[in-house]
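Below: structure-v1.pdb (PDB, C-alpha atoms)
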```pdb
ATOM      1  CA  MET A   1     -12.712-121.892  33.330
ATOM      2  CA  THR A   2     -10.864-121.224  30.125
ATOM      3  CA  GLY A   3     -11.771-121.663  26.487
ATOM      4  CA  ASP A   4      -8.900-124.110  25.935
ATOM      5  CA  THR A   5     -10.968-127.178  26.702
ATOM      6  CA  ILE A   6     -10.830-128.956  23.343
ATOM      7  CA  THR A   7      -9.417-132.437  23.701
ATOM      8  CA  PRO A   8      -6.829-132.863  20.952
ATOM      9  CA  GLN A   9      -5.839-135.962  19.076
ATOM     10  CA  HIS A  10      -2.096-136.617  19.134
ATOM     11  CA  GLY A  11      -1.957-136.512  15.342
ATOM     12  CA  THR A  12      -3.087-132.855  15.347
ATOM     13  CA  SER A  13      -1.046-131.675  18.329
ATOM     14  CA  CYS A  14       2.450-131.960  19.767
ATOM     15  CA  THR A  15       4.257-131.715  23.090
ATOM     16  CA  PRO A  16       5.443-128.336  24.390
ATOM     17  CA  GLY A  17       9.066-129.296  23.747
ATOM     18  CA  ARG A  18       8.340-130.132  20.121
ATOM     19  CA  ALA A  19       6.275-126.967  19.695
ATOM     20  CA  ALA A  20       9.123-124.851  21.092
ATOM     21  CA  ARG A  21      11.558-126.350  18.584
ATOM     22  CA  GLU A  22       9.171-125.844  15.669
ATOM     23  CA  LEU A  23       8.687-122.202  16.655
ATOM     24  CA  GLY A  24      12.418-121.659  17.117
ATOM     25  CA  LEU A  25      12.062-120.803  20.825
ATOM     26  CA  LYS A  26      14.111-121.810  23.826
ATOM     27  CA  ARG A  27      12.047-123.788  26.303
ATOM     28  CA  ARG A  28      12.034-120.932  28.829
ATOM     29  CA  GLU A  29      10.873-118.516  26.107
ATOM     30  CA  PHE A  30       8.141-120.942  25.074
ATOM     31  CA  ASP A  31       6.962-121.425  28.685
ATOM     32  CA  LEU A  32       6.845-117.666  29.175
ATOM     33  CA  ALA A  33       4.872-117.238  25.937
ATOM     34  CA  VAL A  34       2.325-119.773  27.261
ATOM     35  CA  HIS A  35       2.327-117.971  30.619
ATOM     36  CA  LEU A  36       1.513-114.688  28.865
ATOM     37  CA  ASN A  37      -1.184-116.338  26.718
ATOM     38  CA  GLN A  38       0.801-115.665  23.541
ATOM     39  CA  ILE A  39       0.661-119.404  22.770
ATOM     40  CA  ARG A  40      -2.421-121.396  23.721
ATOM     41  CA  THR A  41      -2.229-124.966  24.938
ATOM     42  CA  VAL A  42      -4.860-127.686  25.310
ATOM     43  CA  PRO A  43      -5.160-130.611  27.754
ATOM     44  CA  ASP A  44      -3.526-133.876  26.761
ATOM     45  CA  ALA A  45      -6.095-136.530  25.848
ATOM     46  CA  ALA A  46      -4.089-139.005  27.953
ATOM     47  CA  GLY A  47      -4.889-136.995  31.085
ATOM     48  CA  GLY A  48      -2.542-136.516  34.001
ATOM     49  CA  GLY A  49      -2.540-132.724  33.755
ATOM     50  CA  ALA A  50      -0.134-132.592  30.779
ATOM     51  CA  ARG A  51      -0.637-129.980  28.057
ATOM     52  CA  ARG A  52      -0.148-130.063  24.306
ATOM     53  CA  VAL A  53      -0.128-127.534  21.468
ATOM     54  CA  ASP A  54      -2.464-127.824  18.500
ATOM     55  CA  ARG A  55      -0.887-127.789  15.065
ATOM     56  CA  ALA A  56      -3.343-125.042  14.131
ATOM     57  CA  GLU A  57      -1.996-122.934  17.021
ATOM     58  CA  ILE A  58       1.582-123.373  15.816
ATOM     59  CA  GLU A  59       0.548-122.212  12.346
ATOM     60  CA  ARG A  60      -1.331-119.251  13.827
ATOM     61  CA  VAL A  61       1.765-118.117  15.731
ATOM     62  CA  ARG A  62       3.978-118.566  12.672
ATOM     63  CA  ALA A  63       1.588-116.491  10.573
ATOM     64  CA  SER A  64       1.466-113.615  13.098
ATOM     65  CA  HIS A  65       2.900-110.269  12.038
ATOM     66  CA  GLY A  66       6.648-109.954  12.509
ATOM     67  CA  PHE A  67       7.191-113.552  13.625
ATOM     68  CA  PRO A  68       9.505-114.522  15.235
ATOM     69  CA  GLU A  69      11.019-111.141  16.222
ATOM     70  CA  THR A  70       7.767-109.733  17.583
ATOM     71  CA  LEU A  71       7.104-112.806  19.726
ATOM     72  CA  LEU A  72      10.680-112.867  21.027
ATOM     73  CA  GLU A  73      10.393-109.220  22.016
ATOM     74  CA  ARG A  74       7.163-109.892  23.923
ATOM     75  CA  VAL A  75       8.694-112.702  25.959
ATOM     76  CA  LYS A  76      12.072-111.087  26.596
ATOM     77  CA  ALA A  77      12.768-111.129  30.340
ATOM     78  CA  VAL A  78      15.596-109.214  32.019
ATOM     79  CA  GLY A  79      17.138-109.074  35.468
ATOM     80  CA  THR A  80      17.853-106.079  37.676
ATOM     81  CA  THR A  81      20.968-104.799  35.886
ATOM     82  CA  GLU A  82      19.525-104.947  32.382
ATOM     83  CA  GLY A  83      16.155-103.712  33.589
ATOM     84  CA  ALA A  84      17.752-100.683  35.220
ATOM     85  CA  ALA A  85      19.589 -99.926  31.987
ATOM     86  CA  LEU A  86      16.334-100.107  30.014
ATOM     87  CA  MET A  87      14.691 -97.637  32.397
ATOM     88  CA  GLN A  88      17.853 -95.500  32.608
ATOM     89  CA  VAL A  89      18.015 -95.644  36.411
ATOM     90  CA  PRO A  90      20.638 -97.025  38.812
ATOM     91  CA  PRO A  91      20.162-100.687  39.826
ATOM     92  CA  GLY A  92      19.474 -99.599  43.410
ATOM     93  CA  ARG A  93      16.531 -97.453  42.357
ATOM     94  CA  PHE A  94      15.229-100.237  40.135
ATOM     95  CA  THR A  95      15.298-102.646  43.098
ATOM     96  CA  ARG A  96      13.412-100.123  45.243
ATOM     97  CA  LEU A  97      10.739 -99.772  42.561
ATOM     98  CA  ALA A  98      10.384-103.563  42.431
ATOM     99  CA  ARG A  99      10.200-103.890  46.224
ATOM    100  CA  LEU A 100       7.459-101.240  46.259
ATOM    101  CA  GLY A 101       5.514-103.306  43.713
ATOM    102  CA  LEU A 102       5.714-100.707  40.942
ATOM    103  CA  VAL A 103       7.324-103.178  38.537
ATOM    104  CA  VAL A 104       6.206-106.801  38.734
ATOM    105  CA  PRO A 105       8.436-109.864  38.175
ATOM    106  CA  VAL A 106       7.264-112.393  35.625
ATOM    107  CA  HIS A 107       9.342-115.301  36.917
ATOM    108  CA  TYR A 108      12.396-116.113  39.030
ATOM    109  CA  TYR A 109      15.184-118.621  39.324
ATOM    110  CA  LEU A 110      17.781-119.588  41.916
ATOM    111  CA  ASN A 111      21.422-118.997  41.054
ATOM    112  CA  ARG A 112      24.214-121.313  42.130
ATOM    113  CA  TYR A 113      24.367-119.564  45.512
ATOM    114  CA  ARG A 114      20.627-120.242  46.012
ATOM    115  CA  ALA A 115      19.884-116.521  45.760
ATOM    116  CA  VAL A 116      16.575-115.523  44.169
ATOM    117  CA  VAL A 117      16.975-113.771  40.812
ATOM    118  CA  TRP A 118      13.807-111.949  39.790
ATOM    119  CA  MET A 119      13.097-111.471  36.076
ATOM    120  CA  TYR A 120      10.927-108.760  34.489
ATOM    121  CA  LEU A 121       9.352-108.309  31.074
ATOM    122  CA  ALA A 122      11.451-105.846  29.084
ATOM    123  CA  GLU A 123       8.331-104.609  27.270
ATOM    124  CA  GLU A 124       6.612-103.709  30.556
ATOM    125  CA  LEU A 125       9.681-101.871  31.839
ATOM    126  CA  ARG A 126       9.880 -99.762  28.684
ATOM    127  CA  GLN A 127       6.183 -98.926  28.988
ATOM    128  CA  PHE A 128       6.653 -97.913  32.635
ATOM    129  CA  ALA A 129       9.602 -95.663  31.781
ATOM    130  CA  ALA A 130       7.747 -94.070  28.846
ATOM    131  CA  ASP A 131       4.779 -93.048  31.015
ATOM    132  CA  GLU A 132       5.276 -89.407  32.068
ATOM    133  CA  LYS A 133       3.361 -90.032  35.300
ATOM    134  CA  ASN A 134       6.251 -92.236  36.457
ATOM    135  CA  THR A 135       8.968 -89.649  35.818
ATOM    136  CA  PRO A 136       9.137 -88.491  39.484
ATOM    137  CA  LEU A 137       9.610 -92.110  40.597
ATOM    138  CA  LEU A 138      12.468 -92.506  38.127
ATOM    139  CA  ARG A 139      14.202 -89.139  38.536
ATOM    140  CA  ALA A 140      13.177 -87.500  41.819
ATOM    141  CA  ARG A 141      13.910 -88.475  45.402
ATOM    142  CA  THR A 142      11.770 -91.356  46.694
ATOM    143  CA  PRO A 143       8.856 -89.898  48.725
ATOM    144  CA  GLU A 144       9.251 -90.149  52.484
ATOM    145  CA  GLY A 145       6.262 -92.457  52.950
ATOM    146  CA  LEU A 146       7.659 -94.948  50.455
ATOM    147  CA  ARG A 147      11.109 -94.728  52.035
ATOM    148  CA  ASP A 148       9.585 -95.568  55.409
ATOM    149  CA  GLN A 149       7.982 -98.686  53.930
ATOM    150  CA  LEU A 150      11.279 -99.772  52.415
ATOM    151  CA  ASP A 151      13.073 -99.161  55.712
ATOM    152  CA  ALA A 152      10.456-101.363  57.419
ATOM    153  CA  GLY A 153      11.388-104.229  55.071
ATOM    154  CA  LEU A 154       8.597-104.021  52.484
ATOM    155  CA  ASP A 155       9.181-106.343  49.545
ATOM    156  CA  MET A 156       6.253-106.853  47.201
ATOM    157  CA  ARG A 157       8.159-108.978  44.677
ATOM    158  CA  PRO A 158       7.112-112.413  46.024
ATOM    159  CA  ARG A 159       3.474-111.390  46.482
ATOM    160  CA  ASN A 160       3.239-109.749  43.061
ATOM    161  CA  TRP A 161       4.791-112.798  41.451
ATOM    162  CA  ARG A 162       2.282-115.050  43.256
ATOM    163  CA  GLY A 163      -0.621-112.987  41.946
ATOM    164  CA  ARG A 164       0.730-113.166  38.435
ATOM    165  CA  HIS A 165       1.427-116.897  38.650
ATOM    166  CA  LEU A 166      -2.058-117.595  40.024
ATOM    167  CA  GLY A 167      -3.520-115.907  36.958
ATOM    168  CA  PHE A 168      -1.407-118.160  34.757
ATOM    169  CA  LEU A 169      -2.506-121.316  36.612
ATOM    170  CA  LEU A 170      -6.168-120.338  36.409
ATOM    171  CA  ARG A 171      -5.903-119.831  32.645
ATOM    172  CA  GLN A 172      -4.605-123.403  32.387
ATOM    173  CA  THR A 173      -7.454-124.991  34.355
ATOM    174  CA  ASP A 174      -9.982-127.189  32.602
ATOM    175  CA  ASP A 175     -12.386-128.015  35.432
ATOM    176  CA  LEU A 176     -13.500-126.704  38.808
ATOM    177  CA  TRP A 177     -11.304-128.989  40.926
ATOM    178  CA  GLN A 178      -8.236-127.830  38.996
ATOM    179  CA  ARG A 179      -9.278-124.244  39.683
ATOM    180  CA  ALA A 180      -9.567-124.946  43.402
ATOM    181  CA  GLY A 181      -6.204-126.704  43.321
ATOM    182  CA  ALA A 182      -4.580-123.659  41.703
ATOM    183  CA  VAL A 183      -5.834-121.400  44.505
ATOM    184  CA  SER A 184      -4.709-123.869  47.193
ATOM    185  CA  ALA A 185      -1.150-123.859  45.780
ATOM    186  CA  PHE A 186      -0.473-120.551  47.554
ATOM    187  CA  LEU A 187      -1.681-121.579  51.027
ATOM    188  CA  ASP A 188       0.179-123.739  53.533
ATOM    189  CA  PRO A 189      -1.360-127.104  54.562
ATOM    190  CA  VAL A 190      -2.624-125.713  57.878
ATOM    191  CA  GLN A 191      -4.607-122.980  56.123
ATOM    192  CA  ILE A 192      -6.004-125.504  53.633
ATOM    193  CA  ALA A 193      -7.088-127.859  56.435
ATOM    194  CA  GLU A 194      -8.909-125.011  58.190
ATOM    195  CA  VAL A 195     -10.801-124.069  55.022
ATOM    196  CA  VAL A 196     -11.408-127.572  53.591
ATOM    197  CA  THR A 197     -12.415-129.522  56.688
ATOM    198  CA  ASP A 198     -13.686-132.650  54.914
ATOM    199  CA  PRO A 199     -10.730-135.084  54.605
ATOM    200  CA  TYR A 200     -11.996-136.601  51.338
ATOM    201  CA  ASP A 201     -12.414-133.183  49.741
ATOM    202  CA  ARG A 202      -8.939-132.229  50.974
ATOM    203  CA  SER A 203      -7.357-135.422  49.645
ATOM    204  CA  HIS A 204      -9.014-134.956  46.247
ATOM    205  CA  LEU A 205      -7.993-131.285  46.165
ATOM    206  CA  HIS A 206      -4.361-132.238  46.774
ATOM    207  CA  ARG A 207      -4.314-134.157  43.458
ATOM    208  CA  PHE A 208      -4.788-130.845  41.624
ATOM    209  CA  ARG A 209      -2.448-128.707  43.747
ATOM    210  CA  PRO A 210       0.547-127.616  41.624
ATOM    211  CA  GLY A 211       3.962-127.132  43.141
ATOM    212  CA  PRO A 212       6.386-124.236  42.627
ATOM    213  CA  PRO A 213       7.583-123.777  39.046
ATOM    214  CA  VAL A 214      11.178-123.765  40.313
ATOM    215  CA  HIS A 215      12.244-126.416  42.790
ATOM    216  CA  GLY A 216      15.098-128.612  43.899
ATOM    217  CA  ALA A 217      15.306-132.051  45.403
ATOM    218  CA  PRO A 218      12.516-132.641  47.975
ATOM    219  CA  GLY A 219      13.588-131.309  51.364
ATOM    220  CA  SER A 220      16.600-129.463  49.965
ATOM    221  CA  PRO A 221      17.279-125.806  50.896
ATOM    222  CA  ALA A 222      16.390-124.795  47.323
ATOM    223  CA  ALA A 223      13.055-126.629  47.497
ATOM    224  CA  ARG A 224      12.218-125.049  50.865
ATOM    225  CA  LEU A 225      13.044-121.587  49.516
ATOM    226  CA  CYS A 226      10.785-122.110  46.481
ATOM    227  CA  GLU A 227       7.956-123.307  48.727
ATOM    228  CA  GLN A 228       8.422-120.198  50.861
ATOM    229  CA  ILE A 229       8.132-117.929  47.811
ATOM    230  CA  MET A 230       5.047-119.857  46.665
ATOM    231  CA  THR A 231       3.238-119.549  50.027
ATOM    232  CA  ALA A 232       1.276-116.414  50.925
ATOM    233  CA  ASP A 233       2.516-114.680  54.056
ATOM    234  CA  ASP A 234       0.533-111.409  54.213
ATOM    235  CA  ALA A 235      -2.641-111.471  56.313
ATOM    236  CA  ASP A 236      -4.820-109.841  53.665
ATOM    237  CA  GLU A 237      -3.414-112.041  50.894
ATOM    238  CA  ILE A 238      -4.089-115.146  52.994
ATOM    239  CA  GLY A 239      -7.592-113.885  53.735
ATOM    240  CA  TRP A 240      -8.692-113.506  50.125
ATOM    241  CA  LEU A 241      -7.012-116.763  49.112
ATOM    242  CA  ARG A 242      -8.919-118.591  51.861
ATOM    243  CA  ALA A 243     -12.191-117.015  50.725
ATOM    244  CA  ASP A 244     -11.486-117.902  47.093
ATOM    245  CA  LEU A 245     -10.549-121.470  48.051
ATOM    246  CA  ALA A 246     -13.732-122.002  50.072
ATOM    247  CA  ARG A 247     -15.846-120.742  47.176
ATOM    248  CA  ALA A 248     -13.915-122.780  44.593
ATOM    249  CA  VAL A 249     -14.226-126.017  46.587
ATOM    250  CA  ASP A 250     -17.961-125.464  47.099
ATOM    251  CA  GLU A 251     -18.431-125.026  43.350
ATOM    252  CA  ALA A 252     -16.265-128.040  42.553
ATOM    253  CA  ARG A 253     -18.072-130.241  45.076
ATOM    254  CA  GLU A 254     -21.436-129.230  43.682
ATOM    255  CA  HIS A 255     -20.275-129.993  40.151
ATOM    256  CA  ARG A 256     -18.547-133.292  40.973
ATOM    257  CA  PRO A 257     -18.247-134.539  44.572
ATOM    258  CA  ALA A 258     -14.902-135.884  45.704
ATOM    259  CA  PRO A 259     -14.679-139.695  45.593
ATOM    260  CA  ARG A 260     -15.384-141.509  48.845
ATOM    261  CA  PRO A 261     -14.899-145.143  49.864
ATOM    262  CA  THR A 262     -18.056-147.285  49.749
ATOM    263  CA  ALA A 263     -18.630-149.874  52.483
ATOM    264  CA  LYS A 264     -19.123-153.417  51.143
ATOM    265  CA  ARG A 265     -22.353-155.026  52.289
ATOM    266  CA  VAL A 266     -21.874-158.533  53.749
ATOM    267  CA  THR A 267     -24.862-160.873  53.259
ATOM    268  CA  ALA A 268     -25.123-163.882  55.599
ATOM    269  CA  VAL A 269     -25.793-167.246  53.949
ATOM    270  CA  PRO A 270     -28.672-169.058  55.784
ATOM    271  CA  ASP A 271     -28.184-172.566  57.188
ATOM    272  CA  GLU A 272     -24.546-172.534  56.214
ATOM    273  CA  PRO A 273     -22.636-174.978  58.424
ATOM    274  CA  ARG A 274     -20.166-173.357  60.722
ATOM    275  CA  PRO A 275     -16.517-174.267  60.233
ATOM    276  CA  ALA A 276     -15.029-176.643  62.757
ATOM    277  CA  THR A 277     -13.582-174.855  65.740
ATOM    278  CA  ALA A 278      -9.853-175.271  65.980
ATOM    279  CA  VAL A 279      -8.673-177.092  69.096
ATOM    280  CA  PRO A 280      -6.364-174.908  71.183
ATOM    281  CA  ASP A 281      -2.846-176.155  71.445
ATOM    282  CA  ALA A 282      -3.175-176.562  75.200
ATOM    283  CA  ALA A 283      -6.131-178.995  74.767
ATOM    284  CA  ARG A 284      -4.484-181.236  72.217
ATOM    285  CA  PRO A 285      -2.935-184.490  73.450
ATOM    286  CA  PRO A 286       0.805-184.016  73.737
ATOM    287  CA  HIS A 287       3.094-185.985  71.478
ATOM    288  CA  GLY A 288       6.642-187.277  71.708
ATOM    289  CA  LEU A 289       8.623-187.910  74.890
ATOM    290  CA  LEU A 290       6.802-185.258  76.897
ATOM    291  CA  GLY A 291       3.423-186.833  76.070
ATOM    292  CA  TRP A 292       4.646-190.342  76.995
ATOM    293  CA  LEU A 293       5.917-189.099  80.355
ATOM    294  CA  ARG A 294       2.616-187.366  81.094
ATOM    295  CA  ARG A 295       0.615-190.478  80.221
ATOM    296  CA  ARG A 296       2.843-192.508  82.558
ATOM    297  CA  GLY A 297       2.155-190.032  85.376
ATOM    298  CA  VAL A 298       5.789-188.948  85.585
TER
END
```
Any chance you could put this one into structure tokens?
Amino acid sequence: MTGDTITPQHGTSCTPGRAARELGLKRREFDLAVHLNQIRTVPDAAGGGARRVDRAEIERVRASHGFPETLLERVKAVGTTEGAALMQVPPGRFTRLARLGLVVPVHYYLNRYRAVVWMYLAEELRQFAADEKNTPLLRARTPEGLRDQLDAGLDMRPRNWRGRHLGFLLRQTDDLWQRAGAVSAFLDPVQIAEVVTDPYDRSHLHRFRPGPPVHGAPGSPAARLCEQIMTADDADEIGWLRADLARAVDEAREHRPAPRPTAKRVTAVPDEPRPATAVPDAARPPHGLLGWLRRRGV
């Protein structure tokens, strides 16, 4: 549960788009600032899972030291080429560091060829490069054990992004069912059905299950690729997500059970006359020419 549970009035808050404009941020920069907890949001009083930004929060951000340059520097995200330049390493080495999980992507997007472009916080890359303990990773030959993992196809970028994105979703939750829904977002439907066996709990949970932050038209190759990135595929990652989901659903159910249909009780009215029984078509006297012929014995 987070502390951002105050229900705002629309007169004292605004939409994320309006807040981004008032703070002079591009929408992607604003979303990343929210992701990194640099800008706090609150639930929309209208419900539906939407978020708003308090006017007081906008003023707090504006009054922060060095605004807006400091905020822009904190949310600056770079790709592989620019990230390698910041760390003063070749792009190939930068990619190997990312695949090993030593630098963690903050978000991704699909380019026009539907290739995944991972983005990293510039501030984190500079901190990594400035740490003397990382100098061998940046300058020396990659250790043999790490090279073997890379040769075997290790790529920690999707998993590390999922862990980071789960943290963001959990910070945005306002009740226990939302928290369970955030955890379930990283498991495929089969895994969810095995953990949440009650169909009413599972149906209610699905209402709070967010989709990938990047997606295309339903069923499109881009949408399928985003779903693949969103879904855990390592056995240990799946294991702890399943355990967290089971615990989260138990807590949510205890706090507020999932809605279930109630059977309507039918009360019989005593001595109520029964409706007349309809005469089957075959028992009714025939009409028209066919009936006349039958009555004449023809």
Original post:
Using all atoms listed in the file, which residues sit within 10 Å of Ala246 (chain A) once same-chain residues fewer than 2 positions away are excluded, as a list in words?
Top reply: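 Everything that qualifies: Ala180, Val183, Ser184, Ile192, Glu194, Val195, Val196, Trp240, Leu241, Arg242, Ala243, Asp244, Ala248, Val249, Asp250, Glu251 and Ala252 of chain A.
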Original post:
Applied to this file, what does the PyMOL selection byres ((chain A and resi 200-215) around 9) return in terms of residues, put as a ChimeraX atom specification?
Top reply: /A:49,107-110,169,177-185,192-193,196-199,216-218,220,222-227,229-230,249,253,257-260
Keeping only C-alpha atoms, write the selected residues to a file as a compact mmCIF listing (two decimals), keeping the file's coordinate frame.
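So the final result, stored in result_4.txt, reads:
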```txt
# COMPACT_ATOMS: atom_id res chain seq x y z
CA GLY A 49 -2.54 -132.72 33.76
CA HIS A 107 9.34 -115.30 36.92
CA TYR A 108 12.40 -116.11 39.03
CA TYR A 109 15.18 -118.62 39.32
CA LEU A 110 17.78 -119.59 41.92
CA LEU A 169 -2.51 -121.32 36.61
CA TRP A 177 -11.30 -128.99 40.93
CA GLN A 178 -8.24 -127.83 39.00
CA ARG A 179 -9.28 -124.24 39.68
CA ALA A 180 -9.57 -124.95 43.40
CA GLY A 181 -6.20 -126.70 43.32
CA ALA A 182 -4.58 -123.66 41.70
CA VAL A 183 -5.83 -121.40 44.50
CA SER A 184 -4.71 -123.87 47.19
CA ALA A 185 -1.15 -123.86 45.78
CA ILE A 192 -6.00 -125.50 53.63
CA ALA A 193 -7.09 -127.86 56.44
CA VAL A 196 -11.41 -127.57 53.59
CA THR A 197 -12.42 -129.52 56.69
CA ASP A 198 -13.69 -132.65 54.91
CA PRO A 199 -10.73 -135.08 54.60
CA GLY A 216 15.10 -128.61 43.90
CA ALA A 217 15.31 -132.05 45.40
CA PRO A 218 12.52 -132.64 47.98
CA SER A 220 16.60 -129.46 49.96
CA ALA A 222 16.39 -124.80 47.32
CA ALA A 223 13.06 -126.63 47.50
CA ARG A 224 12.22 -125.05 50.86
CA LEU A 225 13.04 -121.59 49.52
CA CYS A 226 10.78 -122.11 46.48
CA GLU A 227 7.96 -123.31 48.73
CA ILE A 229 8.13 -117.93 47.81
CA MET A 230 5.05 -119.86 46.66
CA VAL A 249 -14.23 -126.02 46.59
CA ARG A 253 -18.07 -130.24 45.08
CA PRO A 257 -18.25 -134.54 44.57
CA ALA A 258 -14.90 -135.88 45.70
CA PRO A 259 -14.68 -139.70 45.59
CA ARG A 260 -15.38 -141.51 48.84
```
Original post:
Nearest to Gly47 (chain A) among A:Arg99, A:Ala85, A:Asp174, A:Leu187, with distances taken over only C-alpha atoms: which residue is it?
Top reply: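 So, comparing all the options, the nearest one is A:Asp174.
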Original post:
For the atom pair CA of Lys26 (chain A) and CA of Ile58 (chain A), what is the interatomic distance in Å to one decimal place?
Top reply: 15.0 Å
Please return, as a PDB file with C-alpha atoms, in the frame of the given file, all polymer residues that have at least one atom within 12 Å of the point (8.2, -102.8, 49.8); use only C-alpha atoms and the file's own coordinate frame.
```pdb
ATOM      1  CA  THR A  95      15.298-102.646  43.098  1.00  0.00           C
ATOM      2  CA  ARG A  96      13.412-100.123  45.243  1.00  0.00           C
ATOM      3  CA  LEU A  97      10.739 -99.772  42.561  1.00  0.00           C
ATOM      4  CA  ALA A  98      10.384-103.563  42.431  1.00  0.00           C
ATOM      5  CA  ARG A  99      10.200-103.890  46.224  1.00  0.00           C
ATOM      6  CA  LEU A 100       7.459-101.240  46.259  1.00  0.00           C
ATOM      7  CA  GLY A 101       5.514-103.306  43.713  1.00  0.00           C
ATOM      8  CA  LEU A 102       5.714-100.707  40.942  1.00  0.00           C
ATOM      9  CA  VAL A 103       7.324-103.178  38.537  1.00  0.00           C
ATOM     10  CA  VAL A 104       6.206-106.801  38.734  1.00  0.00           C
ATOM     11  CA  GLY A 145       6.262 -92.457  52.950  1.00  0.00           C
ATOM     12  CA  LEU A 146       7.659 -94.948  50.455  1.00  0.00           C
ATOM     13  CA  ARG A 147      11.109 -94.728  52.035  1.00  0.00           C
ATOM     14  CA  ASP A 148       9.585 -95.568  55.409  1.00  0.00           C
ATOM     15  CA  GLN A 149       7.982 -98.686  53.930  1.00  0.00           C
ATOM     16  CA  LEU A 150      11.279 -99.772  52.415  1.00  0.00           C
ATOM     17  CA  ASP A 151      13.073 -99.161  55.712  1.00  0.00           C
ATOM     18  CA  ALA A 152      10.456-101.363  57.419  1.00  0.00           C
ATOM     19  CA  GLY A 153      11.388-104.229  55.071  1.00  0.00           C
ATOM     20  CA  LEU A 154       8.597-104.021  52.484  1.00  0.00           C
ATOM     21  CA  ASP A 155       9.181-106.343  49.545  1.00  0.00           C
ATOM     22  CA  MET A 156       6.253-106.853  47.201  1.00  0.00           C
ATOM     23  CA  ARG A 157       8.159-108.978  44.677  1.00  0.00           C
ATOM     24  CA  PRO A 158       7.112-112.413  46.024  1.00  0.00           C
ATOM     25  CA  ARG A 159       3.474-111.390  46.482  1.00  0.00           C
ATOM     26  CA  ASN A 160       3.239-109.749  43.061  1.00  0.00           C
TER      27      ASN A 160
END
```
Subject >> Sel. within 8 Å of pt (11.5, -96.0, 32.3), counting all atoms listed in the file, output as JSON, numbers by chain >> reply: {"A": [86, 87, 88, 89, 125, 126, 127, 128, 129, 130, 131, 134, 135, 138]}
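Separating CA of Leu25 (chain A) from CA of Ala84 (chain A) is a distance of 25.4 Å.
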Subject >> Target residues per the PyMOL selection byres ((chain A and resi 37-45) around 10), formatted as a ChimeraX atom specification >> reply: /A:3-10,13-16,19,30-36,46-54,57-58,60-61,71,74-75,168,171-174
Original post:
Quick one: distance from CA of Glu59 (chain A) to CA of Leu23 (chain A) in Å, one decimal?
Top reply: 9.2 Å
**OP:** May I ask which of the residues A:Arg93, A:Val116, A:Val106, A:Glu82 is the closest one to Arg141 (chain A), counting all atoms listed in the file?
**Re:**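 Of all the options, A:Arg93 lies closest to Arg141 (chain A).
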Subject >> Which residue of A:Asp233, A:Glu29, A:Glu254, A:Glu22 approaches Arg62 (chain A) most closely, using only C-alpha atoms >> reply: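 Result for the nearest residue to Arg62 (chain A): A:Glu22.
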Subject >> A:Thr142, A:Glu73, A:Arg164, A:Ala56 ranked by distance to Phe94 (chain A), top pick (using all atoms listed in the file) >> reply: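 Answer, going by the shortest atom-to-atom distance: A:Thr142.
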